[in-house]
Each structure stands twice: as C-alpha cells, then as structure tokens.
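Chemist: Here you go, target28.csv (CSV, C-alpha atoms and all ligand atoms):
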```
chain,number,residue,atom,x,y,z
V,28,MET,CA,91.7,-57.9,-122.0
V,29,THR,CA,89.0,-57.7,-119.3
V,30,ASP,CA,90.1,-56.5,-115.8
V,31,ILE,CA,88.1,-57.5,-112.8
V,32,VAL,CA,88.6,-55.1,-109.8
V,33,PRO,CA,87.0,-54.9,-106.4
V,34,PHE,CA,84.4,-52.1,-106.5
V,35,ASP,CA,86.1,-49.9,-103.8
V,36,GLU,CA,86.3,-46.1,-103.7
V,37,GLY,CA,89.4,-46.1,-106.1
V,38,ALA,CA,87.5,-48.1,-108.7
V,39,ILE,CA,85.1,-45.2,-109.3
V,40,SER,CA,87.4,-42.9,-111.2
V,41,ARG,CA,88.9,-45.9,-113.1
V,42,ALA,CA,85.4,-46.9,-114.3
V,43,VAL,CA,84.5,-43.3,-115.2
V,44,ASP,CA,87.7,-43.0,-117.3
V,45,VAL,CA,86.8,-46.1,-119.2
V,46,LEU,CA,83.3,-44.8,-119.8
V,47,ARG,CA,84.6,-41.4,-120.9
V,48,CYS,CA,86.8,-43.2,-123.5
V,49,GLY,CA,83.8,-45.1,-124.9
V,50,GLY,CA,84.6,-48.3,-123.2
V,51,LEU,CA,82.3,-51.0,-121.6
V,52,VAL,CA,82.2,-51.6,-117.9
V,53,ALA,CA,80.2,-54.3,-116.1
V,54,ILE,CA,78.6,-52.7,-113.1
V,55,PRO,CA,77.0,-54.3,-110.0
V,56,THR,CA,73.4,-53.1,-109.3
V,57,GLU,CA,71.0,-54.3,-106.7
V,58,THR,CA,69.2,-56.4,-109.4
V,59,VAL,CA,71.8,-57.9,-111.7
V,60,TYR,CA,75.1,-56.9,-113.2
V,61,GLY,CA,74.7,-54.5,-116.0
V,62,LEU,CA,76.9,-53.8,-119.0
V,63,ALA,CA,77.4,-50.0,-119.0
V,64,ALA,CA,78.4,-47.5,-121.7
V,65,ASP,CA,78.1,-43.7,-121.8
V,66,ALA,CA,74.5,-43.3,-123.1
V,67,ALA,CA,75.5,-40.2,-125.1
V,68,ASN,CA,78.2,-42.0,-127.0
V,69,GLY,CA,76.7,-43.9,-129.9
V,70,GLU,CA,79.8,-45.9,-130.7
V,71,ALA,CA,80.1,-47.0,-127.1
V,72,VAL,CA,76.4,-48.0,-127.0
V,73,ALA,CA,76.8,-49.9,-130.3
V,74,GLY,CA,79.6,-51.7,-128.5
V,75,ILE,CA,77.1,-53.0,-126.0
V,76,PHE,CA,74.9,-54.5,-128.7
V,77,ALA,CA,78.0,-56.1,-130.3
V,78,ALA,CA,79.4,-57.6,-127.1
V,79,LYS,CA,75.9,-59.1,-126.2
V,80,GLY,CA,74.9,-60.1,-129.7
V,81,ARG,CA,71.7,-58.2,-128.9
V,82,PRO,CA,69.2,-57.4,-131.7
V,83,SER,CA,69.5,-53.6,-132.2
V,84,PHE,CA,65.8,-53.0,-132.1
V,85,ASN,CA,65.8,-53.8,-128.4
V,86,PRO,CA,66.1,-50.6,-126.4
V,87,LEU,CA,68.3,-50.1,-123.3
V,88,ILE,CA,67.7,-48.7,-119.8
V,89,ALA,CA,69.4,-45.3,-119.0
V,90,HIS,CA,70.7,-45.4,-115.4
V,91,VAL,CA,70.8,-42.0,-113.6
V,92,SER,CA,72.3,-40.9,-110.3
V,93,CYS,CA,69.4,-38.6,-109.3
V,94,ILE,CA,66.0,-37.5,-110.5
V,95,ALA,CA,67.4,-34.2,-111.7
V,96,MET,CA,69.7,-36.1,-114.1
V,97,ALA,CA,66.7,-38.0,-115.5
V,98,GLU,CA,64.8,-34.7,-115.9
V,99,ARG,CA,67.4,-33.5,-118.4
V,100,HIS,CA,66.3,-36.2,-120.8
V,101,VAL,CA,62.7,-37.1,-120.1
V,102,ASP,CA,59.4,-35.5,-119.1
V,103,PHE,CA,57.8,-36.8,-115.9
V,104,ASP,CA,54.1,-36.9,-115.5
V,105,PRO,CA,53.0,-36.5,-111.8
V,106,VAL,CA,52.4,-40.2,-111.2
V,107,SER,CA,55.8,-41.3,-112.6
V,108,ARG,CA,57.4,-38.5,-110.5
V,109,ALA,CA,55.7,-39.8,-107.3
V,110,LEU,CA,56.8,-43.4,-108.1
V,111,ALA,CA,60.4,-42.2,-108.6
V,112,GLU,CA,60.4,-40.3,-105.4
V,113,ARG,CA,59.0,-43.2,-103.5
V,114,PHE,CA,60.9,-46.1,-105.0
V,115,TRP,CA,64.3,-44.7,-106.3
V,116,PRO,CA,67.0,-45.7,-105.9
V,117,GLY,CA,65.6,-49.3,-106.4
V,118,PRO,CA,64.5,-52.0,-108.8
V,119,LEU,CA,62.0,-49.8,-110.6
V,120,THR,CA,62.3,-48.6,-114.2
V,121,LEU,CA,60.0,-46.0,-115.6
V,122,VAL,CA,59.3,-45.5,-119.3
V,123,LEU,CA,58.9,-41.8,-120.0
V,124,PRO,CA,58.7,-39.6,-123.1
V,125,VAL,CA,62.0,-38.2,-124.3
V,126,LYS,CA,62.2,-34.4,-124.2
V,127,ASP,CA,61.9,-32.7,-127.5
V,128,VAL,CA,65.1,-30.9,-126.7
V,129,GLN,CA,67.2,-32.6,-124.0
V,130,ALA,CA,68.4,-30.1,-121.5
V,131,THR,CA,72.1,-31.0,-121.9
V,132,GLY,CA,74.8,-30.9,-124.5
V,133,ARG,CA,75.0,-34.7,-124.2
V,134,PRO,CA,71.6,-36.1,-125.3
V,135,VAL,CA,71.0,-39.8,-125.0
V,136,HIS,CA,71.9,-41.5,-128.3
V,137,PRO,CA,69.0,-42.8,-130.4
V,138,LEU,CA,70.6,-46.3,-130.3
V,139,VAL,CA,69.6,-46.4,-126.6
V,140,THR,CA,65.9,-46.0,-127.3
V,141,ALA,CA,66.1,-48.0,-130.6
V,142,GLY,CA,64.4,-45.0,-132.2
V,143,LEU,CA,61.4,-45.0,-129.8
V,144,ALA,CA,60.0,-41.7,-128.5
V,145,THR,CA,60.3,-43.0,-125.0
V,146,LEU,CA,63.3,-43.7,-122.7
V,147,ALA,CA,63.4,-46.3,-120.0
V,148,VAL,CA,65.0,-44.7,-116.9
V,149,ARG,CA,66.1,-46.1,-113.5
V,150,MET,CA,68.2,-45.0,-110.5
V,151,PRO,CA,70.1,-48.0,-109.2
V,152,GLU,CA,71.1,-48.6,-105.6
V,153,GLY,CA,74.7,-48.6,-104.4
V,154,ARG,CA,78.1,-47.3,-105.3
V,155,VAL,CA,77.4,-47.5,-109.0
V,156,ARG,CA,75.5,-44.2,-108.5
V,157,ASP,CA,78.8,-42.5,-107.7
V,158,VAL,CA,80.1,-43.6,-111.1
V,159,ILE,CA,77.1,-42.1,-112.9
V,160,LYS,CA,77.3,-39.0,-110.7
V,161,THR,CA,81.0,-38.5,-111.5
V,162,LEU,CA,80.4,-39.1,-115.2
V,163,ASP,CA,77.6,-36.6,-114.9
V,164,SER,CA,75.6,-38.3,-117.6
V,165,PRO,CA,73.4,-41.4,-117.7
V,166,VAL,CA,74.9,-44.9,-118.5
V,167,ALA,CA,73.0,-47.3,-120.8
V,168,ALA,CA,73.1,-50.7,-119.3
V,169,PRO,CA,71.3,-54.0,-120.2
V,170,SER,CA,72.1,-57.1,-118.2
V,171,ALA,CA,75.7,-58.1,-118.7
V,172,ASN,CA,75.1,-61.4,-120.5
V,173,THR,CA,75.1,-62.7,-124.0
V,174,SER,CA,71.6,-61.9,-125.5
V,175,GLY,CA,69.1,-64.6,-124.6
V,176,ARG,CA,71.2,-66.1,-121.8
V,177,ILE,CA,70.9,-66.1,-118.0
V,178,SER,CA,71.4,-62.7,-116.4
V,179,PRO,CA,74.5,-62.5,-114.2
V,180,THR,CA,74.3,-61.9,-110.5
V,181,SER,CA,78.0,-62.1,-109.8
V,182,ALA,CA,81.2,-60.8,-111.3
V,183,GLU,CA,82.3,-64.4,-112.0
V,184,ALA,CA,79.2,-65.0,-114.0
V,185,VAL,CA,79.9,-61.8,-116.1
V,186,ALA,CA,83.6,-62.9,-116.7
V,187,ALA,CA,82.5,-66.4,-117.7
V,188,ASP,CA,80.1,-65.0,-120.3
V,189,LEU,CA,81.7,-61.7,-121.6
V,190,GLY,CA,85.3,-62.0,-120.5
V,191,GLY,CA,87.6,-60.7,-123.3
V,192,LYS,CA,84.8,-58.7,-124.9
V,193,ILE,CA,84.6,-55.8,-122.4
V,194,ASP,CA,87.1,-53.5,-120.7
V,195,LEU,CA,86.3,-53.7,-117.0
V,196,ILE,CA,84.3,-55.6,-114.4
V,197,LEU,CA,83.5,-54.0,-111.1
V,198,ASP,CA,83.2,-56.8,-108.5
V,199,ALA,CA,80.8,-56.0,-105.6
V,200,GLY,CA,79.9,-59.6,-104.8
V,201,PRO,CA,76.5,-61.1,-105.4
V,202,CYS,CA,73.5,-58.9,-106.2
V,203,GLY,CA,70.9,-58.5,-103.4
V,204,VAL,CA,67.7,-58.6,-105.4
V,205,GLY,CA,68.7,-61.1,-108.2
V,206,VAL,CA,66.1,-60.4,-110.8
V,207,GLU,CA,65.9,-57.4,-113.1
V,208,SER,CA,63.9,-54.2,-112.3
V,209,THR,CA,60.2,-53.9,-112.6
V,210,ILE,CA,59.2,-51.8,-115.6
V,211,VAL,CA,56.2,-49.5,-115.4
V,212,LYS,CA,54.7,-47.1,-118.0
V,213,ILE,CA,52.1,-44.5,-117.0
V,214,GLU,CA,49.7,-43.6,-119.8
V,215,GLY,CA,46.9,-41.2,-118.8
V,216,ASP,CA,45.0,-42.8,-116.0
V,217,THR,CA,46.5,-46.3,-116.7
V,218,ALA,CA,49.6,-47.8,-115.2
V,219,HIS,CA,51.1,-50.6,-117.3
V,220,LEU,CA,53.3,-53.3,-115.9
V,221,LEU,CA,55.6,-53.9,-118.9
V,222,ARG,CA,57.9,-56.4,-117.0
V,223,PRO,CA,57.4,-57.9,-113.5
V,224,GLY,CA,60.7,-57.6,-111.6
V,225,GLY,CA,62.5,-56.9,-108.4
V,226,LEU,CA,59.9,-54.5,-107.0
V,227,ALA,CA,56.8,-56.5,-106.3
V,228,ALA,CA,53.8,-55.3,-108.4
V,229,GLU,CA,51.7,-55.3,-105.2
V,230,GLU,CA,53.9,-52.7,-103.6
V,231,ILE,CA,53.4,-50.3,-106.5
V,232,GLU,CA,49.7,-51.0,-106.6
V,233,LYS,CA,49.4,-50.3,-102.8
V,234,PHE,CA,51.2,-47.0,-103.3
V,235,LEU,CA,49.2,-45.9,-106.4
V,236,GLY,CA,45.9,-47.3,-105.0
V,237,GLN,CA,45.2,-48.8,-108.4
V,238,ARG,CA,45.8,-52.1,-110.3
V,239,LEU,CA,48.7,-52.3,-112.7
V,240,ILE,CA,47.6,-53.5,-116.1
V,241,ARG,CA,49.7,-56.6,-116.9
V,242,ALA,CA,51.5,-56.9,-120.2
V,243,ASP,CA,49.4,-58.6,-122.8
V,244,HIS,CA,50.7,-59.2,-126.3
V,245,ALA,CA,50.6,-55.6,-127.3
V,246,ALA,CA,52.4,-54.4,-124.2
V,247,ALA,CA,55.0,-57.1,-124.7
V,248,ILE,CA,55.8,-55.5,-128.0
V,249,GLN,CA,56.1,-52.1,-126.2
V,250,ALA,CA,58.9,-53.7,-124.2
V,251,PRO,CA,60.6,-55.4,-127.1
V,252,GLY,CA,63.1,-57.2,-124.9
V,253,MET,CA,60.2,-59.3,-123.5
V,254,MET,CA,60.9,-62.0,-126.1
V,255,ALA,CA,59.3,-65.4,-125.4
V,256,SER,CA,62.6,-67.3,-125.3
V,257,HIS,CA,65.0,-65.6,-123.0
V,258,TYR,CA,67.2,-66.5,-120.1
V,259,ALA,CA,67.9,-69.8,-121.8
V,260,PRO,CA,70.2,-72.3,-120.2
V,261,ASP,CA,71.7,-75.2,-122.3
V,262,ALA,CA,69.5,-77.7,-120.6
V,263,ALA,CA,65.7,-77.9,-121.3
V,264,VAL,CA,63.6,-76.4,-118.5
V,265,ARG,CA,60.4,-78.1,-117.2
V,266,LEU,CA,58.1,-76.0,-114.9
V,267,ASN,CA,55.7,-76.9,-112.1
V,268,VAL,CA,56.9,-80.5,-112.0
V,269,SER,CA,55.3,-83.0,-109.7
V,270,ALA,CA,58.1,-85.5,-110.2
V,271,VAL,CA,61.8,-85.5,-111.3
V,272,LEU,CA,62.5,-87.7,-114.4
V,273,PRO,CA,65.7,-89.7,-114.9
V,274,GLY,CA,68.6,-87.5,-115.9
V,275,GLU,CA,67.1,-84.2,-114.7
V,276,ALA,CA,68.4,-81.7,-112.1
V,277,LEU,CA,65.9,-80.2,-109.7
V,278,LEU,CA,65.4,-76.5,-108.9
V,279,ALA,CA,63.5,-76.8,-105.6
V,280,PHE,CA,61.5,-74.3,-103.6
V,281,GLY,CA,60.3,-74.6,-100.0
V,282,PRO,CA,60.6,-77.3,-97.4
V,283,ASN,CA,58.9,-80.2,-99.2
V,284,ARG,CA,60.4,-82.2,-102.2
V,285,VAL,CA,58.5,-83.6,-105.2
V,286,SER,CA,58.9,-87.3,-105.8
V,287,GLY,CA,62.1,-88.6,-107.4
V,288,ALA,CA,64.1,-85.8,-105.9
V,289,GLU,CA,66.5,-88.3,-104.4
V,290,HIS,CA,67.5,-89.5,-108.0
V,291,ALA,CA,68.1,-86.0,-109.4
V,292,LYS,CA,71.5,-85.3,-110.9
V,293,ALA,CA,71.7,-82.2,-108.7
V,294,VAL,CA,69.4,-80.4,-106.4
V,295,LEU,CA,69.5,-76.7,-105.4
V,296,ASN,CA,66.8,-75.1,-103.2
V,297,LEU,CA,65.9,-71.5,-104.1
V,298,SER,CA,64.7,-71.1,-100.5
V,299,GLU,CA,64.3,-73.8,-97.9
V,300,SER,CA,62.0,-71.6,-95.9
V,301,GLY,CA,59.8,-70.6,-98.9
V,302,SER,CA,61.0,-66.9,-99.0
V,303,LEU,CA,60.4,-65.4,-102.4
V,304,ARG,CA,63.0,-62.7,-101.8
V,305,GLU,CA,65.7,-65.3,-101.1
V,306,ALA,CA,64.5,-67.3,-104.1
V,307,ALA,CA,64.8,-64.3,-106.4
V,308,SER,CA,68.3,-63.6,-105.3
V,309,ASN,CA,69.3,-67.2,-106.0
V,310,LEU,CA,67.4,-67.8,-109.2
V,311,PHE,CA,69.9,-67.0,-112.0
V,312,ASP,CA,73.0,-68.3,-110.1
V,313,PHE,CA,71.2,-71.7,-109.4
V,314,MET,CA,70.0,-72.0,-113.0
V,315,ARG,CA,73.5,-71.5,-114.1
V,316,ARG,CA,74.9,-74.1,-111.7
V,317,LEU,CA,72.2,-76.7,-112.5
V,318,ASP,CA,72.9,-76.1,-116.2
V,319,GLN,CA,76.6,-77.0,-115.5
V,320,SER,CA,75.6,-80.3,-113.8
V,321,GLY,CA,75.2,-81.9,-117.2
V,322,ALA,CA,71.5,-82.7,-116.6
V,323,SER,CA,69.3,-83.2,-119.7
V,324,ALA,CA,66.7,-80.9,-118.2
V,325,ILE,CA,66.1,-78.7,-115.2
V,326,ALA,CA,62.9,-79.6,-113.4
V,327,VAL,CA,61.4,-76.7,-111.4
V,328,GLU,CA,59.1,-77.1,-108.5
V,329,PRO,CA,56.0,-74.9,-108.4
V,330,ILE,CA,56.7,-71.4,-107.0
V,331,PRO,CA,53.7,-69.2,-105.9
V,332,VAL,CA,52.9,-66.3,-108.3
V,333,GLU,CA,52.6,-63.6,-105.6
V,334,GLY,CA,55.0,-60.8,-104.7
V,335,LEU,CA,58.4,-61.5,-106.3
V,336,GLY,CA,57.1,-64.8,-107.4
V,337,GLU,CA,55.6,-63.0,-110.4
V,338,ALA,CA,59.0,-62.0,-111.7
V,339,ILE,CA,60.5,-65.4,-110.8
V,340,ASN,CA,57.8,-67.3,-112.7
V,341,ASP,CA,58.1,-64.8,-115.6
V,342,ARG,CA,61.8,-65.5,-116.0
V,343,LEU,CA,61.3,-69.3,-115.6
V,344,LYS,CA,58.6,-69.3,-118.3
V,345,ARG,CA,61.0,-67.6,-120.7
V,346,ALA,CA,63.8,-70.0,-119.8
V,347,ALA,CA,61.4,-72.9,-120.6
V,348,ALA,CA,60.0,-71.4,-123.9
V,349,PRO,CA,60.7,-73.1,-127.2
V,350,ARG,CA,64.0,-71.8,-128.6
V,401,LIG,O1,67.5,-54.4,-113.4
V,401,LIG,C1,67.6,-54.1,-114.6
V,401,LIG,O2,66.6,-53.5,-115.2
V,401,LIG,C2,68.9,-54.4,-115.3
V,401,LIG,C3,70.0,-53.7,-114.6
V,401,LIG,C4,71.3,-53.8,-115.3
V,401,LIG,O3,69.6,-52.3,-114.5
V,401,LIG,N1,68.8,-54.1,-116.7
V,401,LIG,C5,68.1,-54.8,-117.6
V,401,LIG,O4,68.2,-54.4,-118.9
V,401,LIG,O5,67.4,-55.7,-117.3
V,401,LIG,P1,67.7,-55.2,-120.1
V,401,LIG,O6,68.3,-54.5,-121.3
V,401,LIG,O7,68.1,-56.6,-119.9
V,401,LIG,O8,66.2,-55.0,-120.1
V,401,LIG,C6,65.6,-53.8,-120.5
V,401,LIG,C7,64.1,-53.9,-120.8
V,401,LIG,C8,63.9,-54.7,-122.1
V,401,LIG,O9,62.9,-55.6,-122.0
V,401,LIG,C9,63.6,-53.5,-123.1
V,401,LIG,O10,62.8,-53.9,-124.2
V,401,LIG,C10,62.8,-52.6,-122.2
V,401,LIG,O11,63.6,-52.7,-121.0
V,401,LIG,N2,62.8,-51.2,-122.6
V,401,LIG,C11,63.8,-50.4,-122.8
V,401,LIG,N3,63.4,-49.2,-123.3
V,401,LIG,C12,62.1,-49.3,-123.4
V,401,LIG,C13,61.1,-48.3,-123.9
V,401,LIG,N4,61.4,-47.1,-124.3
V,401,LIG,N5,59.8,-48.7,-123.8
V,401,LIG,C14,59.5,-50.0,-123.4
V,401,LIG,N6,60.4,-50.9,-123.0
V,401,LIG,C15,61.7,-50.5,-123.0
V,402,MG,MG,68.6,-58.8,-120.0
```
Translate this structure into structure tokens?

Modeler:
Amino acid sequence: MTDIVPFDEGAISRAVDVLRCGGLVAIPTETVYGLAADAANGEAVAGIFAAKGRPSFNPLIAHVSCIAMAERHVDFDPVSRALAERFWPGPLTLVLPVKDVQATGRPVHPLVTAGLATLAVRMPEGRVRDVIKTLDSPVAAPSANTSGRISPTSAEAVAADLGGKIDLILDAGPCGVGVESTIVKIEGDTAHLLRPGGLAAEEIEKFLGQRLIRADHAAAIQAPGMMASHYAPDAAVRLNVSAVLPGEALLAFGPNRVSGAEHAKAVLNLSESGSLREAASNLFDFMRRLDQSGASAIAVEPIPVEGLGEAINDRLKRAAAPR
C-alpha cells in the first residue's frame, strides 16, 4: 500500500520513521520527485533499484541537509567547496571522492555508488531537508519513476508510476524547477559538466570564471545514468520540427506556431512567452500529458540551447533516441 500525504510539519516524523525502518519514500525536491531510502541501509537502497527496475550499475545521488553532513562521507576540494557554499541548497550535484574512512558509524552503502570511488552529493531545497536532518544521515534518491521513463514533477505522477511499490509519497505540489540537478565534477584544474540540469551551466561558469567541459562520450560513461535512451514516453518523439504531421501532438515553445499546428491531436505550450525557466518546469508534465493523448508521435518545436535550454534539449534528445 502506498500512502500519499500532504508534506506538512507532521509528515516529517512519519517519513523519517519509514526511512529508519528501511522503507521507500517519494520526496518532493525543487527539481523532480525523488525516491528516497536511507543511504546507509543496503537493503533499503536495493529496494530503490527493484522498485524502479534500474540497472544496478547506475549510481545514486546522496542528499544531505548541510555541508557538514556531506563532509562525513566525501572529501571536498576547494573549488567544489566554493560551489557548494554558493549554490546549495539548489539544483547542483557534486561528484566527490568518498572518504577512505567515513566519519560516521553509518557509511553510505556501496550500492549507492555502484562501487565507484566517488559519491554524487547534493543538498536539495525545501522541507525535505528537515527529513534528512532528522534522520541525521543522507538519503539516496534517484528520480521517482520507472527506469527509463519520464521523471515525475508531481505526487500524482509518482503515484501513477510507482503506486503500490513504495511506502509513502509526500505531496508538496508541483516541483518548481522541473528538470533534474546539474552534475559537476572537479578534477584538478578542470570542471566537468556531467549532466546539464536545473542550474544553468552559464551561472556556474560565471562563478568559476572558467568554461565547463561538456560531457563527451567518456564523461557520459562517468555518469552512467546518462544513457542515450531515457525519459521515454510511449509515443515517438520528433525534435526541432518545422511542421506537424497527421496524428502527431505538438509540444510548442514561444509565441509562434509551426505549420500544421491547428491539426495536431493536442497542443501544449511549454512557455507562451518563451521563458526557459517556465519551460523546464512544464517539460515532464507536458510530455506525460501529450503521451496520454494517443498521438502517434510528439512533435517538438525548436527550443534555444542556452541557459536551462541546454538541460531541456538534453532530456528531449534522450526521449527521442532509438529505444
Ligand atoms: O535533481 C536530481 O538530481 C534528482 C532529484 C531526486 O535529486 N535526482 C536524480 O537522480 O536525477 P538520478 O538517479 O535520476 O540521476 C543521477 C545521475 C545519474 O546520471 C548517475 O549516473 C549520476 O547521477 N551519478 C551518480 N553517482 C555518480 C558518480 N559517482 N559519478 C558520476 N555520476 C554519478
Ligand atoms: Mg532519473
């Protein structure tokens, strides 16, 4: 049985109880809903992989309530530390070396890192931090969706996908950012962008005063979750269209429509005004809704590859990749 409860003050201790007992809790973060387990409990973490049908070689992000909690488990270089201080809490994940000896009796279980010597860490925004703080230990949480499917940005989307397979869903309404966190790894003088996400790469570059090295093939393997086909709806996905074909639904962007839009099975506009922020927050919900329209394919209008557009185009490319 999966309970859905409003994420009020009282839900904090309930969620912590479930986590302490090795259960799975869907948690709202500013990016997407996550499927959380106590990161120190191997059986609980294994439950995440089982519920998602996720390949076990794909490591998870450990969510912390403060930098000090992260420091029990990983070593910060000065640049990563500055990034954490500037952008946490927020949609930024840092990949850092796991401490030889973790400064706690509850080390992160190796299933979380899939055996890597590094751990992906992030401090999410919002009430979920109180859950982690009360647990006094990081929670491992991938997006709360079946592996390879669209990430959920509402409690309803989590329930539709994973209902019956998890213990509790905390409902805090729609996520503000709407795409997953940006993943960065500092290596010596180089800053790698392992995954574009909810914090625009340009903002990080401005702060660091240096370019982020975009994930090439090698880096894609460093973030093993960056599989080509991901976020896949049932319908086919066609990108950068200049016209809508018969039977297609249209995912629009901005004030102007491509030709054939009036014949589309359904039309949803990510942002009438052309705001990439608004588009990111609508992306997964609108893909899900267009998928349910029964269209043969989802045609997507061109979306600029700047700011959050980088993450939006990344997710759309994966949704359109051969399955
Ligand atoms: O916004 C987010 O990041 C959401 C919310 C729930 O926090 N979480 C999320 O998790 O997107 P997930 O599991 O869907 O994506 C985690 C990504 C994967 O691409 C994984 O391969 C990568 O992080 N990753 C995890 N540990 C890593 C590591 N040690 N080195 C490199 N990449 C890692
Ligand atoms: Mg995911």

Chemist: Considering all atoms listed in the file, return as a PyMOL selection string whatever protein or nucleic-acid residues lie within 12 Å of V:Gly321, sequence-local ones (same chain, fewer than 4 positions apart) excluded.

Modeler: chain V and resi 260-263+274-276+291-293+314-317+325

Chemist: Give me, please, the distance in Å between atom CA of V:Glu333 and atom CA of V:Tyr60, quoted to one decimal.

Modeler: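 Interatomic distance, atom CA of V:Glu333 to atom CA of V:Tyr60: 24.7 Å.
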
Chemist: May I have the protein, DNA and RNA residues with an atom at most 12 Å from (66.2, -65.4, -103.7), counting only C-alpha atoms in the file's coordinates, returned as JSON, numbers by chain?

Modeler: {"V": [58, 180, 201, 202, 203, 204, 205, 206, 225, 279, 280, 281, 295, 296, 297, 298, 299, 300, 301, 302, 303, 304, 305, 306, 307, 308, 309, 310, 311, 312, 313, 330, 335, 336, 338, 339]}

Chemist: What is the atom CA of V:Glu207 to atom CA of V:Ala64 distance in Å?

Modeler: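 Between atom CA of V:Glu207 and atom CA of V:Ala64 the gap works out to 18.1 Å.
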
Chemist: Taking all atoms listed in the file into account, name the residue in V:Ala228, V:Val148, V:Leu46, V:Leu62 that is nearest to V:Ile94.

Modeler: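 Smallest distance to V:Ile94 is found for V:Val148.
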
Chemist: If you measure from atom CA of V:Pro124 to atom CA of V:Asp102, what distance in Å do you get, rounded to one decimal?

Modeler: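 These two atoms are separated by 5.8 Å.
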
Chemist: How would you write as a ChimeraX atom specification the residues that get within 10 Å of (46.4, -53.9, -114.2) in the file's frame, counting only C-alpha atoms?

Modeler: /V:217-220,228,232,237-242
